[in-house]
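A quick write-up on the structure given underneath.
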Amino acid sequence: MRRDVAVLGLAAAALLASSSVPQTGSMITASDPSGSSGEPQSANTSQILFVSKRDGNAELYLMNADGTGQRALTANTEHNYSAAWSPDGTRIAFTSRRDGHQEIYVMNPDGTGQTRLTATAASSLVPVWSPDSGKIAFHSDRDGNQEIYVMNADGTGQTRLTNDPGLDAVPSWSPDGRRIVFVRGQEGQGKISERLEIWVMRSDGTDQARLTNNAAFEGMPTWSSDGGLIALETMRDGNFEIYVMKPDGSEQRRLTHTSEEDRGPSWSPDGTKILFERGRPRDIYVMNADGTGEVKLTTDPAWDFVPQWSPDGGRIVFVRVVPGPGDSPHGGDEEIFVMNADGSEVRRLTNSLGVDYAPLWRPVR
């Protein structure tokens, strides 16, 4: 369940869960530094959700933005991962294998109220909330190959949006909730393909339109905060570069120009900057939305990746590979760090015997 697989544009953290053998581990009691149980009294934008394997299998954890108050939200012998905050910050959707298949669940931010939303003999993966927190898009192979579906936040009204012989995956809602951008495989086999293209459709599945058309990988489409642009990573120039385009596919512009890999674009909350990863091992960079003003934020010799903006744009949480036991594909242990948006005041937040990864800030309420 690693980020280097997810950047294939398939959020394959969800697809890879079956590769690890689950182990039983002890649950850390949900508590805040004061010793009270349940959701902290100060629950707000200063919390970070993450995945940890410190207990042997992947579980969802929550912590304060300074690393204190770390507590498990899930605890079972199967993997729990691929989490997403509802935009109003009141619920968490995630994927779990606890019932024998990869299914989508929701829960409260303190771990209570865990409810299964999907129930099929296939996989349902990568839940993504609509901007109004009323619906969840996801992809599933319940009909024979990976297609995109949508359902109400309580699991009712499950509806298939795509119907293509290729793979359709990684849906992402536009800020106004009217459109969904996604990736489609072009080999017609319903499998992960080296050739993915970016498509867009209305949120009801109509008016599906292809935005990119290159004999290369196109992935990681992400909307700017105003919905006016989509950033993506592409290999159309021979190596990974960051591009932006209009939501109709017009005005495709290359923003990065290096011989190294540039991947994983992430818009700042105000839409003026883009975070991305460069090189092998990765470092984190930021640039203006037009590609100017490029700044390198991390200089550690290890891998630094999966940067995520805080809701106010003032801080960045990310994953760093550090020496120690762990099953990182990059060697060593993955831990979660935070820094200011200019790269200053880097601070380590987690320090466990298992990998800690996939950090997500709690949205502003």
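Residue numbers start at 1 in each chain; chains themselves are named A, B, ... in the order of the structure tokens; ligands are numbered from 1 in the order shown.
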- Query: Quick one: residues within 12 Å of A:His139, only C-alpha atoms counted, chain neighbours fewer than 3 positions away excluded, as an MDAnalysis selection string?
  - Reply: chainID A and resid 10:12 14:15 95 102:104 118 122:128 136 142:151 158:163 167:172 182:184 190
Those same residues - C-alpha atoms - I'd like them written as a PDB file, in the first residue's frame.
ATOM      1  CA  LEU A  10      -4.938   4.201  -9.598  1.00  0.00           C
ATOM      2  CA  ALA A  11      -4.548   4.925  -5.907  1.00  0.00           C
ATOM      3  CA  ALA A  12      -3.288   1.371  -5.824  1.00  0.00           C
ATOM      4  CA  ALA A  14      -6.233  -0.026  -2.083  1.00  0.00           C
ATOM      5  CA  LEU A  15      -5.411  -2.620  -4.704  1.00  0.00           C
ATOM      6  CA  THR A  95     -11.493   0.610   2.629  1.00  0.00           C
ATOM      7  CA  GLN A 102     -12.209  -4.912  -0.046  1.00  0.00           C
ATOM      8  CA  GLU A 103     -15.287  -2.936   0.937  1.00  0.00           C
ATOM      9  CA  ILE A 104     -16.009   0.701   1.783  1.00  0.00           C
ATOM     10  CA  THR A 118     -20.738  -1.811   0.105  1.00  0.00           C
ATOM     11  CA  ALA A 122     -15.826  -8.198  -5.477  1.00  0.00           C
ATOM     12  CA  SER A 123     -13.690  -5.200  -4.500  1.00  0.00           C
ATOM     13  CA  SER A 124     -14.882  -1.660  -3.856  1.00  0.00           C
ATOM     14  CA  LEU A 125     -12.026   0.790  -3.440  1.00  0.00           C
ATOM     15  CA  VAL A 126     -10.797   4.348  -3.021  1.00  0.00           C
ATOM     16  CA  PRO A 127     -13.795   6.292  -1.685  1.00  0.00           C
ATOM     17  CA  VAL A 128     -13.924   9.969  -2.668  1.00  0.00           C
ATOM     18  CA  ILE A 136     -19.149   8.997  -2.356  1.00  0.00           C
ATOM     19  CA  ARG A 142     -18.171  -5.993  -9.226  1.00  0.00           C
ATOM     20  CA  ASP A 143     -19.266  -6.104 -12.873  1.00  0.00           C
ATOM     21  CA  GLY A 144     -16.149  -7.799 -14.223  1.00  0.00           C
ATOM     22  CA  ASN A 145     -13.614  -4.979 -14.504  1.00  0.00           C
ATOM     23  CA  GLN A 146     -12.835  -1.744 -12.721  1.00  0.00           C
ATOM     24  CA  GLU A 147     -15.605   0.828 -13.231  1.00  0.00           C
ATOM     25  CA  ILE A 148     -16.561   4.014 -11.388  1.00  0.00           C
ATOM     26  CA  TYR A 149     -19.635   4.053  -9.157  1.00  0.00           C
ATOM     27  CA  VAL A 150     -21.354   6.587  -6.934  1.00  0.00           C
ATOM     28  CA  MET A 151     -23.528   6.179  -3.860  1.00  0.00           C
ATOM     29  CA  GLN A 158     -25.259   2.694  -5.627  1.00  0.00           C
ATOM     30  CA  THR A 159     -25.030   3.528  -9.326  1.00  0.00           C
ATOM     31  CA  ARG A 160     -22.516   2.589 -12.014  1.00  0.00           C
ATOM     32  CA  LEU A 161     -21.251   5.639 -13.910  1.00  0.00           C
ATOM     33  CA  THR A 162     -18.840   4.117 -16.450  1.00  0.00           C
ATOM     34  CA  ASN A 163     -19.162   1.106 -18.727  1.00  0.00           C
ATOM     35  CA  LEU A 167     -10.096   0.181 -16.605  1.00  0.00           C
ATOM     36  CA  ASP A 168     -11.896   3.235 -15.156  1.00  0.00           C
ATOM     37  CA  ALA A 169     -10.584   4.391 -11.783  1.00  0.00           C
ATOM     38  CA  VAL A 170      -9.499   7.205  -9.458  1.00  0.00           C
ATOM     39  CA  PRO A 171     -12.534   9.495  -9.616  1.00  0.00           C
ATOM     40  CA  SER A 172     -12.086  13.088  -8.431  1.00  0.00           C
ATOM     41  CA  PHE A 182     -10.906  10.014 -13.820  1.00  0.00           C
ATOM     42  CA  VAL A 183      -8.362   7.803 -15.578  1.00  0.00           C
ATOM     43  CA  ARG A 184      -9.181   5.185 -18.194  1.00  0.00           C
ATOM     44  CA  GLY A 190      -9.659  -3.898 -17.382  1.00  0.00           C
TER      45      GLY A 190
END
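Proximity to A:Pro307 at 6 Å, evaluated using only C-alpha atoms and with sequence-adjacent residues fewer than 2 positions away removed, yields Phe305, Val317 and Phe318 of chain A.
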Selected residues written out, N, CA and C atoms, as a compact mmCIF listing (two decimals), in the first residue's frame:
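Wrote again36.txt, looks like this:
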# COMPACT_ATOMS: atom_id res chain seq x y z
N PHE A 305 8.09 12.21 0.26
CA PHE A 305 7.04 12.10 -0.75
C PHE A 305 5.66 12.24 -0.12
N VAL A 317 2.36 18.36 5.37
CA VAL A 317 2.67 17.07 5.98
C VAL A 317 3.16 16.15 4.88
N PHE A 318 4.12 15.27 5.21
CA PHE A 318 4.68 14.39 4.19
C PHE A 318 5.27 13.14 4.85
- In terms of the shortest atom-to-atom distance over only C-alpha atoms, which of A:Pro359, A:Gly177, A:Pro311, A:Gly205 is closest to A:Ser82?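 Nearest to A:Ser82: A:Pro359.
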- Mind checking which residues fall within 12 Å of A:Leu353, counting only C-alpha atoms, ignoring those fewer than 4 positions away in the same chain, and posting them as a VMD selection string? chain A and resid 52 to 57 322 to 327 332 to 335
- Message: Need to verify the contact set: stretch 239-255 of chain A, 9 Å, only C-alpha atoms, exclusion of same-chain residues closer than 6 positions in sequence. Can you return it as a PyMOL selection string?
- Response: chain A and resi 181+198-200+209-212+217+223+227-233+261-265+276+287+289-292
- Between A:Asp88, A:Gly67, A:Ala58, A:Leu49, which one has atoms that come closest to A:Arg348, using only C-alpha atoms?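 Going through A:Asp88, A:Gly67, A:Ala58, A:Leu49 one by one, the smallest distance to A:Arg348 is for A:Gly67.
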- For A:Gln47, which residue out of A:Ala358, A:Ala121, A:Val364, A:Ile180 is the nearest one, using only C-alpha atoms?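 Looking only at the distances to A:Gln47, the closest residue turns out to be A:Val364.
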- Message: as a PyMOL selection string, please: every residue in stretch 72-170 of chain A that DSSP puts in strand (DSSP E).
- Response: chain A and resi 72+80-85+92-96+103-107+115-116+124-129+135-140+147-152+159-160+168-170
Take the selection from the previous step and output its residues with C-alpha atoms, as a compact mmCIF listing (two decimals), in the first residue's frame.
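So the final result, stored in again_37.txt, reads:
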# COMPACT_ATOMS: atom_id res chain seq x y z
CA ALA A 72 -6.02 3.90 16.67
CA ASN A 80 -7.87 -0.76 6.90
CA TYR A 81 -6.58 1.93 4.53
CA SER A 82 -7.37 4.25 1.62
CA ALA A 83 -9.12 6.77 3.88
CA ALA A 84 -10.82 10.04 2.95
CA TRP A 85 -12.21 12.83 5.11
CA ILE A 92 -14.16 9.26 7.43
CA ALA A 93 -14.65 6.84 4.53
CA PHE A 94 -12.13 4.04 4.12
CA THR A 95 -11.49 0.61 2.63
CA SER A 96 -11.34 -2.50 4.82
CA GLU A 103 -15.29 -2.94 0.94
CA ILE A 104 -16.01 0.70 1.78
CA TYR A 105 -16.87 1.74 5.33
CA VAL A 106 -17.56 5.04 7.09
CA MET A 107 -16.97 6.06 10.68
CA THR A 115 -20.56 1.08 9.12
CA ARG A 116 -20.12 -1.01 5.98
CA SER A 124 -14.88 -1.66 -3.86
CA LEU A 125 -12.03 0.79 -3.44
CA VAL A 126 -10.80 4.35 -3.02
CA PRO A 127 -13.80 6.29 -1.68
CA VAL A 128 -13.92 9.97 -2.67
CA TRP A 129 -16.45 12.38 -1.12
CA LYS A 135 -22.14 11.29 -1.98
CA ILE A 136 -19.15 9.00 -2.36
CA ALA A 137 -17.56 8.00 -5.66
CA PHE A 138 -15.42 4.86 -5.84
CA HIS A 139 -14.25 2.21 -8.24
CA SER A 140 -15.20 -1.46 -8.17
CA GLU A 147 -15.61 0.83 -13.23
CA ILE A 148 -16.56 4.01 -11.39
CA TYR A 149 -19.63 4.05 -9.16
CA VAL A 150 -21.35 6.59 -6.93
CA MET A 151 -23.53 6.18 -3.86
CA ASN A 152 -25.16 8.28 -1.18
CA THR A 159 -25.03 3.53 -9.33
CA ARG A 160 -22.52 2.59 -12.01
CA ASP A 168 -11.90 3.23 -15.16
CA ALA A 169 -10.58 4.39 -11.78
CA VAL A 170 -9.50 7.21 -9.46
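Of the residues under consideration (A:Pro269, A:Gly100, A:Gly166, A:Pro175), A:Pro269 shows the shortest atom-to-atom contact distance to A:Gln308 when counting only C-alpha atoms.
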- Please indicate the distance in Å from atom CA of A:Asp356 to atom CA of A:Arg282, rounded to one decimal place. 17.3 Å
- Query: Of the residues A:Arg365, A:Gly157, A:Met339, A:Met220, which is the one nearest to A:Asp204, using only C-alpha atoms?
  - Reply: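 Once distances to A:Asp204 are computed over only C-alpha atoms, the minimum belongs to A:Gly157.
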- Message: Show me, as an NGL selection string, the residues that have an atom within 7 Å of A:Arg195 when counting only C-alpha atoms, minus same-chain residues fewer than 5 positions from it.
- Response: :A and (185-186 or 215-217)
- Note on the structure: Computed gap from atom CA of A:Thr74 to atom CA of A:Ile48 is 15.0 Å
- Message: Restricting the calculation to only C-alpha atoms: of A:Thr120, A:Ser344, A:Ser268, A:Ser259, which residue gets closest to A:Lys296?
- Response: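 Of the candidates, the smallest distance to A:Lys296 is held by A:Ser344.
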